[in-house]
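Data block for query.cif (mmCIF, C-alpha atoms and all ligand atoms):
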```
data_start
loop_
_atom_site.label_atom_id
_atom_site.label_comp_id
_atom_site.auth_asym_id
_atom_site.auth_seq_id
_atom_site.Cartn_x
_atom_site.Cartn_y
_atom_site.Cartn_z
CA MET A 343 -7.89 82.26 -13.12
CA LYS A 344 -10.69 80.90 -10.97
CA PHE A 345 -9.19 77.43 -11.21
CA LYS A 346 -5.76 78.77 -10.23
CA ALA A 347 -7.19 80.46 -7.10
CA LEU A 348 -9.02 77.30 -6.08
CA PHE A 349 -5.87 75.28 -6.64
CA SER A 350 -3.79 77.58 -4.40
CA ILE A 351 -6.44 77.49 -1.63
CA ALA A 352 -6.43 73.67 -1.78
CA LEU A 353 -2.63 73.63 -1.66
CA LEU A 354 -2.63 75.98 1.32
CA PHE A 355 -5.17 73.76 3.13
CA ILE A 356 -3.17 70.58 2.46
CA SER A 357 0.10 72.13 3.60
CA SER A 358 -1.45 73.60 6.75
CA CYS A 359 -2.89 70.13 7.61
CA ALA A 360 0.54 68.58 7.05
CA PHE A 361 2.07 71.33 9.20
CA ALA A 362 -0.48 70.65 11.99
CA ALA A 363 0.24 66.89 11.88
CA ASP A 364 3.95 67.67 11.93
CA LYS A 365 3.49 69.63 15.15
CA LEU A 366 1.86 66.71 16.97
CA PRO A 367 4.05 64.97 19.58
CA HIS A 368 5.95 61.91 18.38
CA VAL A 369 5.12 58.79 20.41
CA VAL A 370 6.75 55.42 19.77
CA ILE A 371 4.69 52.33 20.61
CA LEU A 372 6.73 49.29 21.64
CA ALA A 373 4.73 46.07 21.60
CA THR A 374 5.58 43.05 23.73
CA GLY A 375 2.43 40.90 23.30
CA GLY A 376 -0.24 40.03 25.85
CA THR A 377 -4.01 39.93 25.63
CA ILE A 378 -4.12 43.36 23.99
CA ALA A 379 -2.58 41.53 21.02
CA GLY A 380 -4.64 38.39 21.68
CA SER A 381 -6.88 36.60 19.22
CA ALA A 382 -9.73 34.13 19.75
CA PRO A 383 -11.82 32.19 17.21
CA SER A 384 -15.06 33.79 18.44
CA ASN A 385 -15.93 37.33 19.58
CA THR A 386 -17.46 36.06 22.83
CA GLN A 387 -14.37 34.10 23.88
CA THR A 388 -12.52 35.89 26.68
CA THR A 389 -10.57 32.94 28.11
CA GLY A 390 -8.40 30.28 26.47
CA TYR A 391 -7.40 32.62 23.59
CA LYS A 392 -3.89 33.08 22.20
CA ALA A 393 -2.07 36.07 23.76
CA GLY A 394 0.51 37.85 21.59
CA ALA A 395 -1.00 36.90 18.22
CA ILE A 396 -1.35 40.34 16.60
CA GLY A 397 1.53 42.58 15.54
CA VAL A 398 2.14 46.22 16.47
CA ASP A 399 1.04 47.57 13.05
CA ALA A 400 -2.37 45.89 13.38
CA LEU A 401 -2.72 47.29 16.92
CA ILE A 402 -2.06 50.81 15.61
CA GLN A 403 -4.30 50.40 12.55
CA ALA A 404 -7.19 49.33 14.80
CA VAL A 405 -7.17 52.81 16.40
CA PRO A 406 -7.07 55.42 13.57
CA GLU A 407 -7.90 58.12 16.17
CA LEU A 408 -4.27 57.88 17.37
CA SER A 409 -3.24 60.05 14.41
CA LYS A 410 -5.20 63.01 15.85
CA ILE A 411 -3.21 62.85 19.09
CA ALA A 412 0.32 61.98 18.05
CA ARG A 413 2.58 60.87 15.24
CA VAL A 414 2.94 57.22 16.15
CA ASP A 415 5.46 54.60 15.05
CA GLY A 416 5.46 50.99 16.19
CA GLU A 417 8.21 48.53 17.05
CA GLN A 418 7.84 44.90 18.02
CA ILE A 419 10.07 44.00 20.99
CA ALA A 420 8.47 40.60 21.64
CA ASN A 421 5.07 39.00 21.06
CA VAL A 422 4.39 36.77 24.05
CA GLY A 423 2.13 36.54 27.06
CA SER A 424 3.78 38.52 29.85
CA ASN A 425 4.07 35.28 31.84
CA ASN A 426 6.74 34.39 29.25
CA LEU A 427 8.68 37.65 29.40
CA THR A 428 12.22 37.22 30.75
CA SER A 429 14.87 39.35 32.44
CA ASP A 430 16.68 39.49 29.10
CA ILE A 431 13.61 40.90 27.33
CA ILE A 432 12.85 43.54 29.96
CA LEU A 433 16.52 44.57 29.98
CA LYS A 434 16.43 44.95 26.18
CA LEU A 435 13.17 46.92 26.51
CA SER A 436 14.67 49.33 29.04
CA GLN A 437 17.74 49.84 26.83
CA ARG A 438 15.56 50.52 23.76
CA VAL A 439 13.39 53.01 25.68
CA ASN A 440 16.55 54.81 26.84
CA GLU A 441 17.81 55.01 23.23
CA LEU A 442 14.48 56.34 21.96
CA LEU A 443 14.00 58.94 24.69
CA ALA A 444 17.54 60.26 24.18
CA ARG A 445 16.42 61.39 20.71
CA ASP A 446 15.15 64.96 20.33
CA ASP A 447 12.44 63.84 17.91
CA VAL A 448 10.77 61.40 20.37
CA ASP A 449 8.39 62.89 22.95
CA GLY A 450 7.14 59.78 24.71
CA VAL A 451 6.92 56.00 24.64
CA VAL A 452 3.96 53.64 25.07
CA ILE A 453 4.53 49.95 25.80
CA THR A 454 1.81 47.39 25.18
CA HIS A 455 2.20 44.46 27.58
CA GLY A 456 0.38 41.46 28.99
CA THR A 457 -1.42 42.16 32.24
CA ASP A 458 -0.11 39.19 34.24
CA THR A 459 3.24 40.85 35.01
CA LEU A 460 2.21 44.45 34.42
CA ASP A 461 3.34 45.18 37.98
CA GLU A 462 6.92 44.03 37.23
CA THR A 463 8.22 45.50 33.91
CA PRO A 464 6.85 49.04 34.49
CA TYR A 465 8.59 49.15 37.89
CA PHE A 466 11.86 47.98 36.29
CA LEU A 467 11.66 50.84 33.79
CA ASN A 468 10.68 53.23 36.60
CA LEU A 469 14.08 52.42 38.14
CA THR A 470 16.16 52.36 34.97
CA VAL A 471 14.86 54.92 32.43
CA LYS A 472 17.14 57.96 32.30
CA SER A 473 14.62 60.53 31.06
CA ASN A 474 11.72 62.58 32.34
CA LYS A 475 9.74 62.09 29.12
CA PRO A 476 6.54 60.07 29.61
CA VAL A 477 6.75 56.26 29.55
CA VAL A 478 3.31 54.66 29.67
CA PHE A 479 2.40 50.97 29.85
CA THR A 480 -0.97 49.57 28.88
CA GLY A 481 -2.62 46.25 28.09
CA ALA A 482 -6.07 44.68 27.96
CA MET A 483 -8.10 42.08 29.76
CA ARG A 484 -10.15 41.12 26.69
CA PRO A 485 -8.51 39.87 23.47
CA ALA A 486 -8.55 42.16 20.42
CA THR A 487 -11.21 39.93 18.81
CA ALA A 488 -13.75 40.22 21.70
CA ILE A 489 -16.95 42.25 21.67
CA SER A 490 -16.15 45.39 23.63
CA ALA A 491 -12.41 44.71 23.69
CA ASP A 492 -10.75 47.12 26.13
CA GLY A 493 -7.40 47.26 24.27
CA PRO A 494 -8.16 49.98 21.68
CA MET A 495 -9.41 52.51 24.28
CA ASN A 496 -6.55 51.65 26.64
CA LEU A 497 -4.07 52.23 23.77
CA LEU A 498 -5.70 55.53 22.81
CA GLN A 499 -5.59 56.69 26.45
CA ALA A 500 -1.98 55.56 26.90
CA VAL A 501 -0.89 57.53 23.81
CA THR A 502 -2.91 60.53 25.03
CA VAL A 503 -1.00 60.47 28.33
CA ALA A 504 2.38 59.89 26.63
CA ALA A 505 1.73 62.90 24.37
CA ASP A 506 0.77 65.18 27.26
CA PRO A 507 3.57 67.54 28.44
CA ASP A 508 1.98 67.45 31.92
CA ALA A 509 2.87 63.72 32.11
CA LYS A 510 6.60 64.53 32.18
CA GLY A 511 8.60 63.76 35.32
CA ARG A 512 5.95 61.60 36.99
CA GLY A 513 7.84 58.33 36.67
CA VAL A 514 6.72 55.39 34.58
CA MET A 515 2.93 55.04 34.46
CA VAL A 516 0.34 52.34 33.85
CA VAL A 517 -2.78 53.57 32.04
CA PHE A 518 -5.69 51.17 32.21
CA ASN A 519 -9.47 51.48 32.17
CA ASP A 520 -9.57 55.32 32.44
CA ARG A 521 -7.02 55.40 35.28
CA ILE A 522 -3.43 56.65 35.37
CA GLY A 523 -1.32 54.85 37.99
CA ALA A 524 2.30 54.92 39.13
CA ALA A 525 4.44 51.91 38.19
CA ARG A 526 5.74 51.90 41.78
CA TYR A 527 2.31 50.97 43.11
CA MET A 528 0.03 49.64 40.37
CA THR A 529 -0.76 45.95 40.60
CA LYS A 530 -3.20 43.45 39.14
CA THR A 531 -5.88 42.89 41.77
CA ASN A 532 -8.34 40.65 39.93
CA ALA A 533 -7.58 37.71 37.64
CA THR A 534 -10.41 38.35 35.18
CA THR A 535 -12.18 41.73 35.38
CA ILE A 536 -11.26 44.80 33.35
CA ASP A 537 -11.02 47.13 36.39
CA THR A 538 -8.13 45.03 37.70
CA PHE A 539 -5.26 47.58 37.92
CA LYS A 540 -5.22 49.39 41.23
CA ALA A 541 -2.90 50.85 43.83
CA PRO A 542 -5.05 49.88 46.81
CA GLU A 543 -3.24 51.93 49.49
CA GLN A 544 -1.93 54.87 47.46
CA GLY A 545 -4.61 55.43 44.80
CA TYR A 546 -4.15 56.73 41.27
CA LEU A 547 -2.06 59.58 39.86
CA GLY A 548 -5.08 60.70 37.87
CA VAL A 549 -7.89 59.82 35.51
CA ILE A 550 -8.72 60.30 31.84
CA VAL A 551 -12.07 61.97 31.22
CA GLY A 552 -13.43 62.96 27.80
CA GLY A 553 -10.09 62.09 26.25
CA GLU A 554 -8.14 64.36 28.60
CA PRO A 555 -5.70 63.32 31.32
CA HIS A 556 -6.37 64.91 34.73
CA PHE A 557 -3.45 64.51 37.12
CA GLU A 558 -4.12 64.66 40.87
CA THR A 559 -0.91 63.59 42.66
CA ARG A 560 2.80 62.80 42.33
CA VAL A 561 4.83 59.89 43.70
CA GLU A 562 7.26 60.64 46.54
CA LYS A 563 9.57 57.67 45.87
CA ILE A 564 12.60 58.33 43.66
CA HIS A 565 12.36 57.21 40.02
CA THR A 566 13.79 57.55 36.48
CA LEU A 567 16.23 60.50 36.30
CA GLY A 568 16.58 60.56 40.10
CA SER A 569 17.50 56.88 40.33
CA VAL A 570 21.13 55.72 40.77
CA PHE A 571 20.59 52.66 38.59
CA ASP A 572 21.92 52.59 35.05
CA VAL A 573 21.46 49.39 33.04
CA ARG A 574 22.20 50.88 29.62
CA ASN A 575 25.39 48.80 29.32
CA VAL A 576 24.39 45.85 31.51
CA LYS A 577 24.52 42.51 29.63
CA ALA A 578 22.36 40.37 31.94
CA LEU A 579 20.39 40.87 35.15
CA PRO A 580 21.28 39.00 38.36
CA LYS A 581 19.17 35.97 39.25
CA VAL A 582 16.63 36.56 42.02
CA VAL A 583 14.01 33.98 43.04
CA ILE A 584 10.90 34.24 45.21
CA ILE A 585 10.17 31.72 47.97
CA TYR A 586 6.65 31.70 49.39
CA GLY A 587 6.16 31.45 53.14
CA TYR A 588 3.38 29.33 54.65
CA GLN A 589 2.73 26.89 57.52
CA ASP A 590 5.11 23.94 57.20
CA ASP A 591 7.17 25.60 54.44
CA PRO A 592 10.25 23.45 53.73
CA GLU A 593 13.89 24.44 54.06
CA TYR A 594 14.87 22.69 50.81
CA MET A 595 13.64 25.62 48.70
CA TYR A 596 16.66 27.55 50.03
CA ASP A 597 18.96 24.62 49.25
CA ALA A 598 17.64 24.72 45.67
CA ALA A 599 18.31 28.48 45.44
CA ILE A 600 21.88 27.94 46.70
CA GLU A 601 22.46 25.02 44.33
CA HIS A 602 21.22 27.06 41.36
CA HIS A 603 23.48 30.01 42.24
CA ALA A 604 20.75 32.55 42.90
CA ASP A 605 22.13 36.04 43.63
CA GLY A 606 19.11 36.99 45.69
CA ILE A 607 15.96 35.60 47.31
CA ILE A 608 12.71 37.40 48.06
CA TYR A 609 10.87 35.72 50.88
CA ALA A 610 7.12 36.31 50.37
CA GLY A 611 6.45 36.09 54.07
CA MET A 612 3.36 35.65 56.17
CA GLY A 613 1.87 38.85 57.62
CA ALA A 614 4.56 41.50 57.97
CA GLY A 615 7.19 39.10 56.54
CA SER A 616 7.33 36.71 59.48
CA VAL A 617 9.28 33.47 59.08
CA SER A 618 8.82 29.91 60.29
CA LYS A 619 11.69 28.16 62.11
CA ARG A 620 12.50 26.25 58.93
CA SER A 621 12.53 29.30 56.64
CA GLU A 622 14.63 31.13 59.26
CA ALA A 623 17.23 28.34 59.03
CA GLY A 624 17.00 28.40 55.23
CA ILE A 625 17.47 32.19 55.05
CA LYS A 626 20.50 32.04 57.35
CA LYS A 627 22.03 29.27 55.24
CA ALA A 628 21.43 31.28 52.04
CA GLU A 629 22.97 34.40 53.59
CA LYS A 630 26.06 32.35 54.55
CA ALA A 631 26.30 31.29 50.91
CA GLY A 632 26.46 34.99 49.92
CA ILE A 633 22.85 35.36 48.77
CA ILE A 634 21.01 38.58 49.65
CA VAL A 635 17.63 37.74 51.18
CA VAL A 636 14.80 40.28 51.46
CA ARG A 637 11.63 39.62 53.43
CA ALA A 638 8.39 40.96 51.86
CA SER A 639 4.74 40.39 52.69
CA ARG A 640 2.43 37.99 50.89
CA THR A 641 -0.60 40.04 52.05
CA GLY A 642 -0.41 42.51 49.15
CA ALA A 643 -0.21 45.67 51.25
CA GLY A 644 1.51 47.15 54.28
CA ILE A 645 5.13 47.70 55.26
CA VAL A 646 7.71 45.11 56.30
CA SER A 647 10.08 46.95 58.60
CA PRO A 648 13.52 45.96 59.93
CA ASP A 649 13.47 43.60 62.92
CA SER A 650 16.69 42.54 64.64
CA ASP A 651 15.10 39.22 65.69
CA GLN A 652 14.45 38.20 62.09
CA PRO A 653 16.98 37.37 59.37
CA GLY A 654 17.31 39.17 56.04
CA LEU A 655 16.66 42.66 54.73
CA VAL A 656 13.10 44.01 54.36
CA SER A 657 11.09 45.17 51.34
CA ASP A 658 9.34 48.20 52.89
CA SER A 659 6.03 48.47 50.98
CA LEU A 660 7.06 46.56 47.84
CA ASN A 661 5.10 43.41 47.12
CA PRO A 662 7.22 40.29 46.45
CA ALA A 663 7.13 40.65 42.63
CA LYS A 664 8.20 44.31 42.74
CA ALA A 665 10.76 43.56 45.48
CA ARG A 666 12.34 41.00 43.13
CA ILE A 667 12.64 43.68 40.43
CA LEU A 668 14.33 46.11 42.84
CA LEU A 669 16.73 43.46 44.19
CA MET A 670 17.74 42.40 40.64
CA THR A 671 18.34 46.04 39.75
CA ALA A 672 20.18 46.84 42.99
CA LEU A 673 22.48 43.83 42.51
CA THR A 674 23.69 45.34 39.22
CA GLU A 675 25.22 48.11 41.38
CA THR A 676 26.25 46.58 44.71
CA ARG A 677 26.17 43.57 47.04
CA ASN A 678 26.42 45.72 50.16
CA PRO A 679 23.42 44.78 52.38
CA GLN A 680 23.22 48.18 54.13
CA LEU A 681 23.11 50.00 50.81
CA ILE A 682 20.57 47.58 49.37
CA GLN A 683 18.39 48.08 52.47
CA ARG A 684 18.56 51.85 51.89
CA TYR A 685 17.44 51.33 48.27
CA PHE A 686 14.37 49.48 49.54
CA GLN A 687 13.46 52.53 51.63
CA THR A 688 14.16 54.97 48.74
CA TYR A 689 12.63 53.42 45.63
N1 LIG B 701 -1.59 36.00 29.96
C1 LIG B 701 -1.77 37.35 29.44
C2 LIG B 701 -0.46 38.11 29.59
O1 LIG B 701 -0.09 38.52 30.65
C3 LIG B 701 -2.87 38.03 30.16
C4 LIG B 701 -3.15 39.44 29.72
O2 LIG B 701 -2.45 40.09 28.98
O3 LIG B 701 -4.19 39.95 30.19
O4 LIG B 701 0.16 38.30 28.60
#
```
Output the file's structure in the form of structure tokens.
Amino acid sequence: MKFKALFSIALLFISSCAFAADKLPHVVILATGGTIAGSAPSNTQTTGYKAGAIGVDALIQAVPELSKIARVDGEQIANVGSNNLTSDIILKLSQRVNELLARDDVDGVVITHGTDTLDETPYFLNLTVKSNKPVVFTGAMRPATAISADGPMNLLQAVTVAADPDAKGRGVMVVFNDRIGAARYMTKTNATTIDTFKAPEQGYLGVIVGGEPHFETRVEKIHTLGSVFDVRNVKALPKVVIIYGYQDDPEYMYDAAIEHHADGIIYAGMGAGSVSKRSEAGIKKAEKAGIIVVRASRTGAGIVSPDSDQPGLVSDSLNPAKARILLMTALTETRNPQLIQRYFQTY
């Protein structure tokens, strides 16, 4: 009798634990590689290691605490340094995220990613994900094998944000080093330190303290569900190249873009996107060849506004890398320069 009672209490306890776990949000982790999945021969080596060496299951297993926050599943999309990600891979990633978020049983998505282009892919998804469920990118500056690797805490915090109902409708986010930032603005500001992800002019959306996300602001620019872009059935992204502006910059870079059939050019201009005589001639030649050219600023901040004395469209406050993402996305919809210029003011 006594044994029977004990047995039923144990059963009740086990089933209530299973019920509690069942009620946790379901977050899918999509891994693409990067330093967060990096491995070095020694635990003090933080340069010259191999990025994208560890698979998604090992990343999840390294953080058992994830199971207290969410039911997590992992999928490997790629396993490369983000310097080797391509338009095809980020298109596939966006399409997979759209498929996952369309399911009732998925509450949010986390994407692990190299930091080198962690200003590009999140912004692409910010423009092309058709859901208000949280999409959170994270990465690491120290490989998984380093003393005090930052990846496990960044992953835990990213899943915490993706599982938080308050994170809905804020656009795609980058969670890094206790900060929550908007994909529209976050950028890598330091080549080596772990506090590298910042939005220098606009600041963060919030912070994570004691394991809890605290949101402070929202982004004004249109994103995700509000965006006109839909790449769910797009087969390949248009080709957009970046040409850097500097004293004595040559015109032949534009000839190369024309020869290689670029659809668009971002001119990473001096100051507020100003052009030299030679780049002005190059831009005009490219425009004649049907290429859309957008002037951005190489300074890293500030707005490039329309100027009737200068050729090309303007990027507003998007840095050249993000401007390239918007132009590629816009060109899937239209080649109308006025409309594309409006997109640069909207997104
Ligand atoms: N090269 C690496 C990458 O972007 C750097 C990193 O993840 O920190 O994948």
Rounded to one decimal in Å, what is the spacing between CA of Val414 in chain A and CA of Gly481 in chain A?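 Atom-to-atom, CA of Val414 in chain A and CA of Gly481 in chain A are spaced 17.1 Å apart.
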Could you tell me, counting only C-alpha atoms and all ligand atoms, which protein and nucleic acid residues lie no more than 6 Å from ligand LIG 701 (chain B), written as a PyMOL selection string? chain A and resi 376-377+393+423-425+456-459+482-483
Compute the distance from (10.5, 56.2, 18.4) to each atom, counting all atoms listed in the file, keep the residues with any atom at most 12 Å away, and return them as number ranges by chain; use the coordinates of the file. A: 367-372, 412-418, 438-453, 477
Hey, can you check how far CA of Gly644 in chain A sits from CA of Leu547 in chain A? 19.4 Å
Interatomic distance between CA of Ser621 in chain A and CA of Tyr609 in chain A? 8.8 Å
Residue among A:Val573, A:Ala533, A:Ile564, A:Met515 lying closest to Tyr546 in chain A, counting all atoms listed in the file: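 Comparing A:Val573, A:Ala533, A:Ile564, A:Met515 against Tyr546 in chain A, the winner is A:Met515.
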Taking 3 positions as the minimum chain separation for residues in the same chain, which residues sit within 6 Å of Met528 in chain A when counting all atoms listed in the file? Answer as a PDB file with C-alpha atoms, keeping the file's coordinate frame.
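Final output, saved to selection.pdb:
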```
ATOM      1  CA  GLY A 523      -1.320  54.850  37.990  1.00  0.00           C
ATOM      2  CA  ALA A 524       2.300  54.920  39.130  1.00  0.00           C
ATOM      3  CA  ALA A 525       4.440  51.910  38.190  1.00  0.00           C
ATOM      4  CA  LYS A 540      -5.220  49.390  41.230  1.00  0.00           C
ATOM      5  CA  ALA A 541      -2.900  50.850  43.830  1.00  0.00           C
TER       6      ALA A 541
END
```
For Lys410 in chain A, please output as a VMD selection string all residues within 12 Å (counting all atoms listed in the file; exclusion window: fewer than 2 positions along the same chain). chain A and resid 359 to 360 362 to 368 405 to 408 412 to 414 498 501 to 502 505 553
Can you list, as a count of residues only, every protein, DNA or RNA residue that comes within 6 Å of Ala638 in chain A when you count all atoms listed in the file, leaving out same-chain residues fewer than 2 positions away? 6
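Across A:Val583, A:Val561, A:Val570, A:Ala643, the tightest approach to Val471 in chain A is made by A:Val570 when counting all atoms listed in the file.
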Export range 379-389 of chain A from the structure block above, keeping all heavy atoms, as a PDB file, in the first residue's frame.
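Written output follows (out.pdb):
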```
ATOM      1  N   ALA A 379      31.315  28.420 -33.339  1.00  0.00           N
ATOM      2  CA  ALA A 379      31.532  26.997 -33.610  1.00  0.00           C
ATOM      3  C   ALA A 379      33.003  26.749 -33.958  1.00  0.00           C
ATOM      4  O   ALA A 379      33.338  25.820 -34.676  1.00  0.00           O
ATOM      5  CB  ALA A 379      30.639  26.553 -34.759  1.00  0.00           C
ATOM      6  N   GLY A 380      33.880  27.607 -33.440  1.00  0.00           N
ATOM      7  CA  GLY A 380      35.304  27.524 -33.788  1.00  0.00           C
ATOM      8  C   GLY A 380      36.081  26.662 -32.812  1.00  0.00           C
ATOM      9  O   GLY A 380      35.720  26.527 -31.646  1.00  0.00           O
ATOM     10  N   SER A 381      37.166  26.102 -33.296  1.00  0.00           N
ATOM     11  CA  SER A 381      37.975  25.222 -32.454  1.00  0.00           C
ATOM     12  C   SER A 381      39.466  25.518 -32.669  1.00  0.00           C
ATOM     13  O   SER A 381      39.912  25.697 -33.797  1.00  0.00           O
ATOM     14  CB  SER A 381      37.655  23.775 -32.847  1.00  0.00           C
ATOM     15  OG  SER A 381      38.520  22.902 -32.195  1.00  0.00           O
ATOM     16  N   ALA A 382      40.193  25.583 -31.533  1.00  0.00           N
ATOM     17  CA  ALA A 382      41.642  25.835 -31.608  1.00  0.00           C
ATOM     18  C   ALA A 382      42.363  24.733 -30.837  1.00  0.00           C
ATOM     19  O   ALA A 382      41.784  24.131 -29.928  1.00  0.00           O
ATOM     20  CB  ALA A 382      41.957  27.193 -30.986  1.00  0.00           C
ATOM     21  N   PRO A 383      43.627  24.462 -31.162  1.00  0.00           N
ATOM     22  CA  PRO A 383      44.348  23.402 -30.455  1.00  0.00           C
ATOM     23  C   PRO A 383      44.597  23.726 -28.981  1.00  0.00           C
ATOM     24  O   PRO A 383      44.765  22.828 -28.164  1.00  0.00           O
ATOM     25  CB  PRO A 383      45.675  23.290 -31.209  1.00  0.00           C
ATOM     26  CG  PRO A 383      45.605  24.187 -32.370  1.00  0.00           C
ATOM     27  CD  PRO A 383      44.403  25.038 -32.272  1.00  0.00           C
ATOM     28  N   SER A 384      44.640  25.018 -28.607  1.00  0.00           N
ATOM     29  CA  SER A 384      44.896  25.329 -27.200  1.00  0.00           C
ATOM     30  C   SER A 384      43.818  26.285 -26.683  1.00  0.00           C
ATOM     31  O   SER A 384      43.239  27.051 -27.455  1.00  0.00           O
ATOM     32  CB  SER A 384      46.294  25.950 -27.055  1.00  0.00           C
ATOM     33  OG  SER A 384      46.198  27.307 -26.698  1.00  0.00           O
ATOM     34  N   ASN A 385      43.582  26.239 -25.346  1.00  0.00           N
ATOM     35  CA  ASN A 385      42.494  27.060 -24.792  1.00  0.00           C
ATOM     36  C   ASN A 385      42.864  28.532 -24.621  1.00  0.00           C
ATOM     37  O   ASN A 385      42.053  29.346 -24.195  1.00  0.00           O
ATOM     38  CB  ASN A 385      41.954  26.458 -23.487  1.00  0.00           C
ATOM     39  CG  ASN A 385      42.988  26.474 -22.381  1.00  0.00           C
ATOM     40  OD1 ASN A 385      44.124  26.893 -22.576  1.00  0.00           O
ATOM     41  ND2 ASN A 385      42.601  25.999 -21.209  1.00  0.00           N
ATOM     42  N   THR A 386      44.104  28.888 -24.955  1.00  0.00           N
ATOM     43  CA  THR A 386      44.491  30.302 -24.907  1.00  0.00           C
ATOM     44  C   THR A 386      44.534  30.919 -26.302  1.00  0.00           C
ATOM     45  O   THR A 386      44.765  32.113 -26.452  1.00  0.00           O
ATOM     46  CB  THR A 386      45.881  30.477 -24.251  1.00  0.00           C
ATOM     47  OG1 THR A 386      46.781  29.606 -24.907  1.00  0.00           O
ATOM     48  CG2 THR A 386      45.838  30.201 -22.765  1.00  0.00           C
ATOM     49  N   GLN A 387      44.300  30.091 -27.314  1.00  0.00           N
ATOM     50  CA  GLN A 387      44.396  30.587 -28.708  1.00  0.00           C
ATOM     51  C   GLN A 387      43.088  31.254 -29.123  1.00  0.00           C
ATOM     52  O   GLN A 387      42.046  30.623 -29.183  1.00  0.00           O
ATOM     53  CB  GLN A 387      44.713  29.411 -29.625  1.00  0.00           C
ATOM     54  CG  GLN A 387      45.125  29.876 -31.013  1.00  0.00           C
ATOM     55  CD  GLN A 387      45.562  28.707 -31.887  1.00  0.00           C
ATOM     56  OE1 GLN A 387      46.073  27.689 -31.413  1.00  0.00           O
ATOM     57  NE2 GLN A 387      45.360  28.857 -33.183  1.00  0.00           N
ATOM     58  N   THR A 388      43.167  32.562 -29.377  1.00  0.00           N
ATOM     59  CA  THR A 388      41.951  33.285 -29.792  1.00  0.00           C
ATOM     60  C   THR A 388      42.092  33.916 -31.180  1.00  0.00           C
ATOM     61  O   THR A 388      41.249  34.696 -31.607  1.00  0.00           O
ATOM     62  CB  THR A 388      41.584  34.378 -28.764  1.00  0.00           C
ATOM     63  OG1 THR A 388      42.711  35.210 -28.576  1.00  0.00           O
ATOM     64  CG2 THR A 388      41.133  33.800 -27.447  1.00  0.00           C
ATOM     65  N   THR A 389      43.192  33.589 -31.872  1.00  0.00           N
ATOM     66  CA  THR A 389      43.318  33.978 -33.284  1.00  0.00           C
ATOM     67  C   THR A 389      43.850  32.757 -34.036  1.00  0.00           C
ATOM     68  O   THR A 389      44.385  31.833 -33.410  1.00  0.00           O
ATOM     69  CB  THR A 389      44.328  35.134 -33.490  1.00  0.00           C
ATOM     70  OG1 THR A 389      45.581  34.731 -32.952  1.00  0.00           O
ATOM     71  CG2 THR A 389      43.875  36.432 -32.854  1.00  0.00           C
TER      72      THR A 389
END
```
